[in-house]
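**Q** Following this line is upload.cif, made up of mmCIF, C-alpha atoms:
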```cif
data_entry
loop_
_atom_site.label_atom_id
_atom_site.label_comp_id
_atom_site.auth_asym_id
_atom_site.auth_seq_id
_atom_site.Cartn_x
_atom_site.Cartn_y
_atom_site.Cartn_z
CA MET Y 293 -27.47 17.71 -16.47
CA GLN Y 294 -30.90 16.29 -17.19
CA ARG Y 295 -31.75 12.63 -17.17
CA GLY Y 296 -30.73 11.08 -20.49
CA ASP Y 297 -28.16 13.78 -21.34
CA LEU Y 298 -25.24 11.42 -20.80
CA ASN Y 299 -26.65 8.88 -23.27
CA ASP Y 300 -27.40 11.62 -25.77
CA LEU Y 301 -23.90 13.10 -25.44
CA ALA Y 302 -22.37 9.67 -26.06
CA ALA Y 303 -24.67 9.29 -29.08
CA PHE Y 304 -23.62 12.72 -30.37
CA ALA Y 305 -19.95 11.73 -30.08
CA SER Y 306 -20.66 8.61 -32.15
CA VAL Y 307 -22.47 10.60 -34.87
CA ALA Y 308 -19.73 13.25 -34.95
CA ARG Y 309 -16.98 10.65 -35.31
CA GLN Y 310 -18.85 8.47 -37.84
CA ARG Y 311 -20.28 11.48 -39.73
CA SER Y 312 -23.27 9.31 -40.46
CA PHE Y 313 -26.55 8.70 -38.66
CA THR Y 314 -26.77 5.26 -40.25
CA ARG Y 315 -23.36 4.05 -39.08
CA ALA Y 316 -23.72 5.65 -35.64
CA ALA Y 317 -27.17 4.11 -35.23
CA ALA Y 318 -25.77 0.67 -36.03
CA GLU Y 319 -22.99 1.20 -33.48
CA LEU Y 320 -25.46 2.29 -30.80
CA GLY Y 321 -28.19 -0.24 -31.60
CA LEU Y 322 -30.76 2.44 -32.52
CA SER Y 323 -32.73 3.32 -35.60
CA PRO Y 324 -31.43 6.26 -37.64
CA SER Y 325 -34.69 8.15 -37.15
CA ALA Y 326 -34.62 7.68 -33.36
CA LEU Y 327 -31.01 8.85 -33.26
CA SER Y 328 -31.78 11.91 -35.39
CA HIS Y 329 -34.68 12.80 -33.11
CA ALA Y 330 -32.44 12.44 -30.02
CA MET Y 331 -29.83 14.78 -31.55
CA LYS Y 332 -32.44 17.42 -32.33
CA ALA Y 333 -33.73 17.22 -28.75
CA LEU Y 334 -30.18 17.55 -27.39
CA GLU Y 335 -29.56 20.65 -29.53
CA GLU Y 336 -32.80 22.20 -28.29
CA ARG Y 337 -31.88 21.55 -24.65
CA LEU Y 338 -28.38 23.00 -25.10
CA GLY Y 339 -29.57 25.90 -27.23
CA VAL Y 340 -26.86 25.45 -29.85
CA ARG Y 341 -26.59 23.66 -33.18
CA LEU Y 342 -24.14 20.75 -32.93
CA LEU Y 343 -24.55 18.99 -36.29
CA ALA Y 344 -24.75 20.30 -39.85
CA ARG Y 345 -27.05 18.05 -41.84
CA THR Y 346 -27.50 17.62 -45.58
CA THR Y 347 -29.37 14.96 -47.52
CA ARG Y 348 -26.10 13.05 -48.01
CA SER Y 349 -23.93 13.80 -44.97
CA VAL Y 350 -23.73 15.01 -41.40
CA ALA Y 351 -20.80 16.79 -39.76
CA PRO Y 352 -20.20 18.56 -36.47
CA THR Y 353 -20.45 22.35 -36.46
CA ALA Y 354 -17.72 24.46 -34.86
CA ALA Y 355 -19.63 24.20 -31.58
CA GLY Y 356 -20.00 20.48 -32.13
CA GLU Y 357 -16.25 20.08 -32.74
CA GLN Y 358 -15.51 21.91 -29.49
CA LEU Y 359 -17.96 19.71 -27.59
CA LEU Y 360 -16.49 16.56 -29.15
CA ARG Y 361 -12.97 17.54 -28.02
CA SER Y 362 -14.29 17.88 -24.47
CA LEU Y 363 -16.30 14.68 -24.58
CA ASP Y 364 -13.70 12.28 -25.98
CA PRO Y 365 -11.39 12.11 -22.92
CA ALA Y 366 -14.32 12.08 -20.51
CA LEU Y 367 -16.06 9.24 -22.34
CA THR Y 368 -12.79 7.29 -22.58
CA GLN Y 369 -12.25 7.66 -18.83
CA LEU Y 370 -15.83 6.59 -18.17
CA LYS Y 371 -15.41 3.47 -20.31
CA GLN Y 372 -12.21 2.59 -18.46
CA GLY Y 373 -13.95 3.05 -15.13
CA LEU Y 374 -16.81 0.79 -16.16
CA ALA Y 375 -14.38 -1.81 -17.47
CA SER Y 376 -12.55 -1.84 -14.14
CA LEU Y 377 -15.76 -2.90 -12.42
CA ALA Y 378 -15.24 -6.31 -13.99
CA ASP Y 379 -12.61 -6.90 -11.33
CA TRP Y 380 -15.27 -6.60 -8.66
CA ARG Y 381 -17.65 -8.96 -10.46
CA ASP Y 382 -15.04 -11.65 -10.94
CA ALA Y 383 -14.31 -14.05 -8.09
CA PRO Y 384 -10.69 -13.45 -7.00
CA SER Y 385 -8.36 -16.13 -8.31
CA GLY Y 386 -4.71 -16.63 -9.19
CA THR Y 387 -1.45 -16.19 -7.30
CA VAL Y 388 -0.26 -13.24 -5.24
CA ARG Y 389 3.51 -13.05 -4.62
CA LEU Y 390 4.39 -11.11 -1.49
CA THR Y 391 7.73 -10.06 0.01
CA THR Y 392 8.02 -9.10 3.67
CA PHE Y 393 10.25 -9.33 6.74
CA GLY Y 394 10.08 -11.49 9.85
CA TYR Y 395 8.19 -9.18 12.19
CA ALA Y 396 5.43 -8.49 9.65
CA ALA Y 397 5.16 -12.18 8.78
CA ARG Y 398 4.70 -12.99 12.45
CA THR Y 399 2.39 -10.17 13.54
CA ILE Y 400 0.47 -9.27 10.36
CA LEU Y 401 0.33 -12.35 8.15
CA ALA Y 402 0.29 -15.18 10.70
CA PRO Y 403 -2.92 -13.99 12.41
CA ARG Y 404 -4.81 -12.94 9.25
CA LEU Y 405 -3.57 -14.88 6.23
CA PRO Y 406 -5.06 -18.31 7.12
CA SER Y 407 -8.62 -16.95 7.29
CA PHE Y 408 -8.09 -15.12 3.99
CA LEU Y 409 -7.06 -18.39 2.32
CA LEU Y 410 -10.12 -20.16 3.71
CA ASP Y 411 -12.39 -17.39 2.41
CA HIS Y 412 -10.74 -17.34 -1.05
CA PRO Y 413 -10.05 -20.95 -2.12
CA ASP Y 414 -9.11 -19.91 -5.67
CA VAL Y 415 -6.31 -17.58 -4.52
CA SER Y 416 -2.77 -18.79 -3.84
CA VAL Y 417 -0.30 -16.67 -1.87
CA GLU Y 418 3.47 -17.06 -2.03
CA VAL Y 419 5.32 -15.25 0.77
CA THR Y 420 9.07 -14.62 0.78
CA VAL Y 421 10.45 -13.51 4.17
CA GLU Y 422 13.79 -11.68 4.28
CA ASP Y 423 15.19 -8.50 5.79
CA ARG Y 424 16.65 -6.90 2.69
CA LEU Y 425 14.48 -4.67 0.56
CA ILE Y 426 13.38 -6.19 -2.73
CA ASP Y 427 12.59 -4.45 -6.02
CA LEU Y 428 9.01 -5.63 -6.55
CA VAL Y 429 9.04 -5.45 -10.32
CA ALA Y 430 12.49 -6.98 -10.79
CA GLY Y 431 11.73 -9.70 -8.24
CA GLY Y 432 8.37 -10.56 -9.79
CA PHE Y 433 6.40 -9.63 -6.66
CA ASP Y 434 2.89 -8.19 -6.68
CA ALA Y 435 3.26 -6.40 -3.34
CA GLY Y 436 5.38 -6.12 -0.22
CA ILE Y 437 4.96 -5.40 3.47
CA ARG Y 438 7.61 -3.26 5.18
CA LEU Y 439 7.85 -0.55 7.79
CA GLY Y 440 6.40 2.68 6.45
CA GLU Y 441 9.70 4.57 6.54
CA ALA Y 442 11.33 1.94 4.32
CA VAL Y 443 8.78 2.11 1.48
CA GLU Y 444 9.70 4.06 -1.65
CA ARG Y 445 7.60 7.16 -2.21
CA ASP Y 446 6.39 6.16 -5.67
CA MET Y 447 4.53 3.16 -4.25
CA VAL Y 448 0.86 2.97 -3.32
CA THR Y 449 0.73 2.18 0.42
CA VAL Y 450 -1.97 0.72 2.66
CA PRO Y 451 -1.58 0.63 6.46
CA VAL Y 452 -1.79 -2.95 7.74
CA GLY Y 453 -0.36 -2.44 11.23
CA PRO Y 454 -0.30 0.24 13.96
CA ASP Y 455 2.60 2.59 14.60
CA LEU Y 456 5.47 0.83 16.36
CA ARG Y 457 8.13 1.49 18.95
CA THR Y 458 11.41 -0.29 19.59
CA VAL Y 459 12.56 -0.28 23.23
CA VAL Y 460 15.70 -1.12 25.21
CA VAL Y 461 15.11 -3.70 27.93
CA GLY Y 462 16.99 -5.91 30.36
CA THR Y 463 16.16 -8.14 33.29
CA PRO Y 464 16.24 -7.04 36.94
CA ALA Y 465 19.13 -9.50 37.39
CA TYR Y 466 21.11 -7.78 34.64
CA PHE Y 467 20.56 -4.37 36.24
CA SER Y 468 21.63 -5.73 39.61
CA ARG Y 469 25.08 -6.08 38.00
CA HIS Y 470 25.04 -3.00 35.74
CA ALA Y 471 23.74 0.51 36.42
CA PRO Y 472 20.94 1.42 34.00
CA PRO Y 473 22.06 3.71 31.14
CA GLU Y 474 20.84 7.27 31.52
CA THR Y 475 21.51 8.28 27.90
CA PRO Y 476 22.11 6.29 24.69
CA ALA Y 477 25.81 7.18 24.94
CA HIS Y 478 26.02 5.08 28.11
CA LEU Y 479 25.27 1.93 26.11
CA ASP Y 480 28.99 1.59 25.43
CA ARG Y 481 29.28 0.48 29.06
CA HIS Y 482 26.79 -2.35 28.57
CA VAL Y 483 26.59 -5.84 27.09
CA CYS Y 484 24.13 -5.57 24.17
CA VAL Y 485 22.62 -8.28 22.01
CA ASN Y 486 23.22 -7.43 18.35
CA TYR Y 487 21.05 -8.42 15.39
CA ARG Y 488 22.63 -8.99 11.97
CA LEU Y 489 20.40 -8.23 9.02
CA LEU Y 490 19.75 -11.19 6.73
CA GLY Y 491 20.95 -11.18 3.16
CA GLY Y 492 24.53 -10.14 3.91
CA GLY Y 493 23.57 -6.94 5.73
CA GLY Y 494 25.40 -5.31 8.59
CA LEU Y 495 24.42 -5.06 12.23
CA LEU Y 496 21.10 -3.42 12.96
CA PRO Y 497 21.80 0.01 14.47
CA TRP Y 498 19.97 1.04 17.63
CA GLU Y 499 17.99 4.14 16.70
CA PHE Y 500 17.01 6.91 19.12
CA GLU Y 501 15.78 10.48 19.01
CA GLU Y 502 17.11 13.39 21.03
CA GLU Y 503 15.49 16.83 20.74
CA GLY Y 504 14.29 16.04 17.23
CA ARG Y 505 17.65 14.65 16.10
CA ASP Y 506 17.96 11.03 14.98
CA LEU Y 507 20.71 8.97 16.61
CA ARG Y 508 21.94 5.70 15.12
CA LEU Y 509 24.33 3.84 17.42
CA LYS Y 510 26.49 0.79 17.00
CA VAL Y 511 26.51 -1.30 20.17
CA SER Y 512 28.65 -4.22 21.20
CA GLY Y 513 28.30 -7.40 23.21
CA GLN Y 514 28.99 -11.10 23.34
CA LEU Y 515 26.16 -12.22 21.06
CA ILE Y 516 25.28 -11.48 17.43
CA VAL Y 517 22.25 -13.27 15.95
CA ASN Y 518 20.03 -13.05 12.90
CA ASP Y 519 17.00 -14.50 14.66
CA GLU Y 520 14.60 -12.39 16.74
CA VAL Y 521 13.53 -15.30 18.95
CA LEU Y 522 17.12 -16.15 19.91
CA ALA Y 523 17.93 -12.48 20.60
CA ALA Y 524 14.91 -12.14 22.89
CA ALA Y 525 15.76 -15.39 24.67
CA ALA Y 526 19.25 -14.11 25.52
CA VAL Y 527 17.80 -10.87 26.88
CA ARG Y 528 15.21 -12.69 28.96
CA ALA Y 529 17.96 -14.87 30.40
CA GLY Y 530 19.82 -11.75 31.60
CA ALA Y 531 22.73 -12.11 29.16
CA GLY Y 532 22.50 -8.52 27.95
CA LEU Y 533 20.34 -5.60 26.90
CA GLY Y 534 18.02 -6.03 23.95
CA TYR Y 535 16.58 -3.68 21.34
CA LEU Y 536 13.15 -5.26 20.91
CA MET Y 537 9.70 -4.42 19.62
CA GLU Y 538 7.58 -2.98 22.41
CA HIS Y 539 4.67 -5.07 21.17
CA ASP Y 540 6.62 -8.24 21.97
CA VAL Y 541 7.69 -7.33 25.52
CA ALA Y 542 4.88 -5.07 26.79
CA ASP Y 543 3.47 -7.71 29.16
CA GLU Y 544 6.91 -8.49 30.60
CA ILE Y 545 7.62 -4.80 31.17
CA ALA Y 546 4.23 -4.41 32.85
CA ASP Y 547 4.77 -7.28 35.30
CA GLY Y 548 8.43 -6.49 36.02
CA ARG Y 549 10.11 -9.42 34.31
CA LEU Y 550 11.86 -6.91 32.06
CA VAL Y 551 12.90 -3.34 32.82
CA GLN Y 552 12.70 -0.67 30.13
CA VAL Y 553 15.39 2.02 29.96
CA LEU Y 554 15.95 5.08 27.77
CA ALA Y 555 12.20 5.43 27.22
CA ALA Y 556 12.44 9.16 26.48
CA TRP Y 557 14.81 8.46 23.57
CA CYS Y 558 12.58 5.83 21.93
CA PRO Y 559 9.85 7.48 19.80
CA SER Y 560 7.20 5.66 17.83
CA TYR Y 561 7.50 5.35 14.04
CA PRO Y 562 5.23 4.33 11.13
CA GLY Y 563 4.20 0.70 11.34
CA CYS Y 564 3.80 -1.90 8.64
CA ARG Y 565 2.52 -0.84 5.24
CA LEU Y 566 1.48 -3.03 2.34
CA TYR Y 567 2.80 -1.41 -0.84
CA TYR Y 568 2.60 -2.04 -4.56
CA PRO Y 569 3.39 -0.21 -7.84
CA ASP Y 570 0.87 2.31 -9.12
CA ARG Y 571 -0.73 0.08 -11.69
CA ARG Y 572 -3.89 -1.97 -12.13
CA VAL Y 573 -4.49 -4.27 -9.18
CA THR Y 574 -5.71 -7.82 -9.77
CA PRO Y 575 -8.86 -9.01 -8.00
CA ALA Y 576 -6.74 -11.43 -5.95
CA LEU Y 577 -4.40 -8.71 -4.69
CA ARG Y 578 -7.30 -6.35 -4.01
CA ALA Y 579 -8.99 -9.04 -1.92
CA LEU Y 580 -5.77 -9.59 0.07
CA ILE Y 581 -5.37 -5.85 0.62
CA ASN Y 582 -8.93 -5.60 1.93
CA ALA Y 583 -8.30 -8.51 4.29
CA LEU Y 584 -5.06 -7.06 5.70
CA ARG Y 585 -5.78 -3.31 5.85
CA LEU Y 586 -6.47 -1.71 9.24
#
```
Would you kindly transcribe this structure into structure tokens?
**A**
Amino acid sequence: MQRGDLNDLAAFASVARQRSFTRAAAELGLSPSALSHAMKALEERLGVRLLARTTRSVAPTAAGEQLLRSLDPALTQLKQGLASLADWRDAPSGTVRLTTFGYAARTILAPRLPSFLLDHPDVSVEVTVEDRLIDLVAGGFDAGIRLGEAVERDMVTVPVGPDLRTVVVGTPAYFSRHAPPETPAHLDRHVCVNYRLLGGGGLLPWEFEEEGRDLRLKVSGQLIVNDEVLAAAAVRAGAGLGYLMEHDVADEIADGRLVQVLAAWCPSYPGCRLYYPDRRVTPALRALINALRL
């Protein structure tokens, strides 16, 4: 395509729809004579007659009709694309409503959200933290952050955290009283700290993998909590085994304060993903996505 062809094709589409050089020229901000000259030059470059002219009217030829049918959707898409650039010109403003769960709030939002707010004083962010999954549209949320495996497939997703791993740990003092489990089935011999999902959910199952098969086990113990900090405190005090994020206990495993067991049964899994419906994104949400994405 030669330089100027795009403008001339758009001008041709206007003439073909208006069936008038005068009306098309007014729409395009050109003189009728300049527009007529441009159409003749376009026909010469393409080697085909596009417009049938008389002293009183102008209409597309059969070739012109075919070209117009091809041009209309392309020009519409181009206009929409140019219109969307307005989002980038506008300073982000407004409110972003976000739903997430405790781990993501603590590890993704807490370190990054304050600087985002300082950089975007016209954007407000409302965060709702709860374990249960929320319907974004029904709940009036713009986006959510959840583990990748929990996000519905029809959502647009953006990675905002690395892949994760949940591990089983206990203190040396605990294992001085109890032999370490050699398989997940041996957990029924141990005191385990259970976590109850918020929002009326059940107990969080302990998930493992054996030869490609997923295992979801119910464990038992003296303590059931719905707070990660309290669960970890009980484990660190030697009151039982815990099913904790590796990210949270890596240093303690490394220096021996906690002992990891069943490592071969604990695979990694997709980490946190920001997700939203497949629809137009506001400048405020786009700015937040750019600030949080890996």
**Q** Once the PyMOL selection byres ((chain Y and resi 412) around 9) has been evaluated on this model, what residues remain selected, and can you format them as a list in words?
**A** Ala383, Pro384, Ser385, Ser407, Phe408, Leu409, Leu410, Asp411, Pro413, Asp414, Val415, Ser416, Ala576 and Ala579 of chain Y
**Q** May I have a table of the residues of segment 436-459 of chain Y lying at most 12 Å from segment 495-512 of chain Y, giving each one's closest pair of atoms and their distance in Å to one decimal, counting only C-alpha atoms, ordered by chain and ascending residue number, as JSON lines?
**A**
```
{"residue": "Y:Arg457", "atom": "CA", "partner": "Y:Phe500", "partner_atom": "CA", "distance": 10.4}
{"residue": "Y:Thr458", "atom": "CA", "partner": "Y:Glu499", "partner_atom": "CA", "distance": 8.4}
{"residue": "Y:Val459", "atom": "CA", "partner": "Y:Trp498", "partner_atom": "CA", "distance": 9.4}
```
**Q** Quick check, in Å to one decimal: how far apart do atom CA of His478 of chain Y and atom CA of Ala529 of chain Y lie?
**A** 21.6 Å
**Q** Could you work out an axis-aligned box for segment 560-565 of chain Y, taking every atom the file lists and adding 5 Å on each side, and report centre and edge lengths in Å to one decimal, as AutoDock Vina command-line options?
**A**
```
--center_x 5.0 --center_y 1.9 --center_z 11.5 --size_x 15.0 --size_y 17.6 --size_z 22.6
```
**Q** Given the file shown, enumerate the residues that the PyMOL selection byres ((chain Y and resi 306) around 12) captures and present them as number ranges by chain.
**A** Y: 299-305, 307-322, 327, 331, 343, 350-352, 356, 360, 363-364, 367
**Q** For Gly462 of chain Y, list every protein, DNA or RNA residue within 6 Å, evaluated using only C-alpha atoms, and leave out those in the same chain fewer than 2 positions away; present the list as a list in words.
**A**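 My list of contacting residues is Leu533, Leu550 and Val551 of chain Y.
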**Q** Could you write out as an MDAnalysis selection string the residues that the PyMOL selection byres ((chain Y and resi 566) around 8) matches in the shown file?
**A** chainID Y and resid 435:438 449:452 564:565 567:568 581
**Q** Rank nothing, just name the residue among Y:Met537, Y:Ser362, Y:Asp455, Y:Val429 nearest to Glu441 of chain Y, using all atoms listed in the file.
**A**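 For Glu441 of chain Y, the nearest of the candidates is Y:Asp455.
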**Q** Please measure the separation of atom CA of Val483 of chain Y and atom CA of Asn518 of chain Y, giving the value in Å to one decimal.
**A** 17.2 Å
**Q** Expressed in Å to a single decimal, how great is the separation between atom CA of Pro476 of chain Y and atom CA of Gly513 of chain Y?
**A**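 Between atom CA of Pro476 of chain Y and atom CA of Gly513 of chain Y the gap works out to 15.1 Å.
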**Q** What's around Thr399 of chain Y at 9 Å? Count all atoms listed in the file, leave out sequence neighbours fewer than 5 positions away in its own chain, and write the answer as a list in words.
**A**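 Counting all atoms listed in the file, the residues come to Gly394, Arg404 and Gly453 of chain Y.
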**Q** Restricting the calculation to only C-alpha atoms: of Y:Pro406, Y:Ala442, Y:Tyr395, Y:His470, which residue gets closest to Leu536 of chain Y?
**A** Y:Tyr395
**Q** For Ala465 of chain Y, which of Y:His482, Y:Arg549, Y:Glu444, Y:Val541 is the closest residue, counting all atoms listed in the file?
**A** Y:Arg549
